[in-house]
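For reference, the structure discussed in these notes is given below.
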Amino acid sequence: MAREARKLSSTGMYFIQLKGECLFKNDSDKTVFEELLKKYFAQGEVYGYSLSETEIAMVVKEAPNGISMTMKPLTTSYARYFNRTYEISGKLFSDRFKSVPIESVEEKEEFLKNISAKTGKIQKAPQKKTAAKTEKKSDGDNKKTPVKKSEPIAEKKEAEPEKPKRSARKNMPSYLL
């Protein structure tokens, strides 16, 4: 028998629920999941989420490519990280993720309240980078030593610009990419 198709939201907002026996063994696992959440929902939006040992609950707005195509790399990347870190194999999540379409702002607020009532707390979505932050970075990266026209050619060769630092992505383990 075929499974029922996922119901789509007209607003693009969903309540997402993932379950498993032991999803997080310590706080560093939660940090890794939060980083992956920030990465894969960069084009979408995370309104709030709750992480417990056996359940992940989130209220999100889907990215342009759809909720399924956003959740697939998130769950796969985290499961690969978890299995490699703790040298285990097999399924991490007990079933595919559950999604409930949210059709209004009032429903979204109700789901956020329900998440916080279950766990006693709710994490707010990671903040996206703003244009002001990127301007500061670009100003610092473009430091070049000015060369005067009257200097000999040999000195001009020594005043080469500094090599750019490695990006944070290159320093990340392969299972987070």
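Every chain in the structure tokens has a letter given in the order shown (A, B, ...), and although residue numbers restart at 1 in each chain, ligands are simply numbered from 1 in the order shown.
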
Test item: residues at most 7 Å from range 39-53 of chain A, only C-alpha atoms, excluding those fewer than 2 positions along its chain, as a list in words |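 In the requested format, the answer is Cys22, Leu23, Phe24, Glu35, Leu36, Leu37, Glu55, Ile56, Ala57, Met58, Val59, Val60, Lys61, Glu62, Ala63, Thr70, Leu74, Leu112, Ile115, Ile122, Gln123, Lys124 and Ala125 of chain A.
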
DSSP-assigned helix (DSSP H, G or I) among range 18-105 of chain A, expressed as a VMD selection string | chain A and resid 27 to 40 67 to 85 105

What would the file look like if the residues just selected were written as an mmCIF file, in the first residue's frame with N, CA and C atoms?
data_model
loop_
_atom_site.group_PDB
_atom_site.id
_atom_site.type_symbol
_atom_site.label_atom_id
_atom_site.label_comp_id
_atom_site.auth_asym_id
_atom_site.auth_seq_id
_atom_site.Cartn_x
_atom_site.Cartn_y
_atom_site.Cartn_z
ATOM 1 N N ASP A 27 25.615 18.304 24.259
ATOM 2 C CA ASP A 27 25.330 19.635 23.706
ATOM 3 C C ASP A 27 26.040 19.887 22.377
ATOM 4 N N SER A 28 27.185 19.254 22.148
ATOM 5 C CA SER A 28 27.874 19.472 20.873
ATOM 6 C C SER A 28 27.066 18.893 19.715
ATOM 7 N N ASP A 29 26.316 17.810 19.952
ATOM 8 C CA ASP A 29 25.437 17.273 18.908
ATOM 9 C C ASP A 29 24.352 18.286 18.561
ATOM 10 N N LYS A 30 23.810 18.944 19.568
ATOM 11 C CA LYS A 30 22.786 19.955 19.329
ATOM 12 C C LYS A 30 23.365 21.136 18.554
ATOM 13 N N THR A 31 24.589 21.500 18.862
ATOM 14 C CA THR A 31 25.243 22.596 18.157
ATOM 15 C C THR A 31 25.436 22.251 16.679
ATOM 16 N N VAL A 32 25.853 21.022 16.404
ATOM 17 C CA VAL A 32 26.027 20.583 15.018
ATOM 18 C C VAL A 32 24.690 20.626 14.281
ATOM 19 N N PHE A 33 23.620 20.154 14.933
ATOM 20 C CA PHE A 33 22.306 20.184 14.298
ATOM 21 C C PHE A 33 21.881 21.627 14.020
ATOM 22 N N GLU A 34 22.138 22.535 14.958
ATOM 23 C CA GLU A 34 21.779 23.939 14.760
ATOM 24 C C GLU A 34 22.538 24.547 13.582
ATOM 25 N N GLU A 35 23.812 24.197 13.428
ATOM 26 C CA GLU A 35 24.603 24.692 12.301
ATOM 27 C C GLU A 35 24.041 24.174 10.979
ATOM 28 N N LEU A 36 23.678 22.896 10.960
ATOM 29 C CA LEU A 36 23.087 22.325 9.751
ATOM 30 C C LEU A 36 21.732 22.966 9.455
ATOM 31 N N LEU A 37 20.962 23.234 10.483
ATOM 32 C CA LEU A 37 19.664 23.893 10.323
ATOM 33 C C LEU A 37 19.850 25.270 9.698
ATOM 34 N N LYS A 38 20.833 25.994 10.184
ATOM 35 C CA LYS A 38 21.135 27.325 9.648
ATOM 36 C C LYS A 38 21.562 27.232 8.174
ATOM 37 N N LYS A 39 22.345 26.206 7.858
ATOM 38 C CA LYS A 39 22.847 26.041 6.497
ATOM 39 C C LYS A 39 21.722 25.683 5.521
ATOM 40 N N TYR A 40 20.931 24.690 5.849
ATOM 41 C CA TYR A 40 19.936 24.195 4.899
ATOM 42 C C TYR A 40 18.669 25.045 4.845
ATOM 43 N N ILE A 67 9.706 21.824 0.951
ATOM 44 C CA ILE A 67 10.044 21.363 2.296
ATOM 45 C C ILE A 67 10.786 20.029 2.268
ATOM 46 N N SER A 68 10.375 19.120 1.398
ATOM 47 C CA SER A 68 11.024 17.807 1.337
ATOM 48 C C SER A 68 12.472 17.924 0.868
ATOM 49 N N MET A 69 12.697 18.763 -0.122
ATOM 50 C CA MET A 69 14.059 18.916 -0.657
ATOM 51 C C MET A 69 14.948 19.740 0.268
ATOM 52 N N THR A 70 14.383 20.404 1.254
ATOM 53 C CA THR A 70 15.171 21.116 2.254
ATOM 54 C C THR A 70 15.473 20.192 3.436
ATOM 55 N N MET A 71 14.499 19.392 3.822
ATOM 56 C CA MET A 71 14.674 18.499 4.970
ATOM 57 C C MET A 71 15.574 17.304 4.662
ATOM 58 N N LYS A 72 15.559 16.828 3.430
ATOM 59 C CA LYS A 72 16.347 15.644 3.083
ATOM 60 C C LYS A 72 17.836 15.821 3.367
ATOM 61 N N PRO A 73 18.485 16.880 2.864
ATOM 62 C CA PRO A 73 19.911 17.020 3.167
ATOM 63 C C PRO A 73 20.180 17.322 4.652
ATOM 64 N N LEU A 74 19.242 17.991 5.319
ATOM 65 C CA LEU A 74 19.405 18.278 6.751
ATOM 66 C C LEU A 74 19.443 16.977 7.553
ATOM 67 N N THR A 75 18.453 16.123 7.350
ATOM 68 C CA THR A 75 18.389 14.875 8.121
ATOM 69 C C THR A 75 19.506 13.914 7.724
ATOM 70 N N THR A 76 19.820 13.859 6.438
ATOM 71 C CA THR A 76 20.886 12.976 5.980
ATOM 72 C C THR A 76 22.239 13.401 6.541
ATOM 73 N N SER A 77 22.534 14.696 6.487
ATOM 74 C CA SER A 77 23.817 15.199 6.994
ATOM 75 C C SER A 77 23.952 14.952 8.488
ATOM 76 N N TYR A 78 22.874 15.212 9.240
ATOM 77 C CA TYR A 78 22.962 15.007 10.680
ATOM 78 C C TYR A 78 23.108 13.517 11.016
ATOM 79 N N ALA A 79 22.388 12.654 10.316
ATOM 80 C CA ALA A 79 22.491 11.214 10.574
ATOM 81 C C ALA A 79 23.902 10.711 10.247
ATOM 82 N N ARG A 80 24.488 11.201 9.163
ATOM 83 C CA ARG A 80 25.866 10.813 8.821
ATOM 84 C C ARG A 80 26.836 11.286 9.889
ATOM 85 N N TYR A 81 26.681 12.525 10.343
ATOM 86 C CA TYR A 81 27.528 13.043 11.421
ATOM 87 C C TYR A 81 27.410 12.162 12.665
ATOM 88 N N PHE A 82 26.190 11.886 13.091
ATOM 89 C CA PHE A 82 25.936 11.133 14.314
ATOM 90 C C PHE A 82 26.514 9.720 14.212
ATOM 91 N N ASN A 83 26.269 9.044 13.091
ATOM 92 C CA ASN A 83 26.764 7.680 12.917
ATOM 93 C C ASN A 83 28.289 7.629 12.861
ATOM 94 N N ARG A 84 28.915 8.585 12.224
ATOM 95 C CA ARG A 84 30.384 8.611 12.170
ATOM 96 C C ARG A 84 30.987 8.964 13.519
ATOM 97 N N THR A 85 30.394 9.903 14.215
ATOM 98 C CA THR A 85 30.927 10.334 15.503
ATOM 99 C C THR A 85 30.886 9.207 16.529
ATOM 100 N N VAL A 105 -0.918 33.046 10.501
ATOM 101 C CA VAL A 105 0.023 33.497 11.524
ATOM 102 C C VAL A 105 -0.436 33.028 12.903
#

Have a look at CA of Glu110 in chain A and CA of Asn26 in chain A and let me know their distance in Å, one decimal.
->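 Those two atoms sit 29.0 Å apart.
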
Polymer residues at most 10 Å from Leu8 in chain A, only C-alpha atoms, same-chain spacing of 6 or more positions, as a list in words = Tyr14, Gly66, Ile67, Ser99, Val100, Pro101, Ile102 and Glu103 of chain A

Store the residues picked out above, limited to C-alpha atoms, as a PDB file, in the first residue's frame.
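Contents of the output file selection.pdb:
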ATOM      1  CA  TYR A  14       5.069  23.953   8.414  1.00  0.00           C
ATOM      2  CA  GLY A  66      10.163  22.787  -1.208  1.00  0.00           C
ATOM      3  CA  ILE A  67      10.044  21.363   2.296  1.00  0.00           C
ATOM      4  CA  SER A  99       4.815  17.859   8.634  1.00  0.00           C
ATOM      5  CA  VAL A 100       1.652  19.786   9.404  1.00  0.00           C
ATOM      6  CA  PRO A 101       0.836  22.672   7.040  1.00  0.00           C
ATOM      7  CA  ILE A 102       0.323  26.033   8.763  1.00  0.00           C
ATOM      8  CA  GLU A 103      -2.134  28.303   6.982  1.00  0.00           C
TER       9      GLU A 103
END
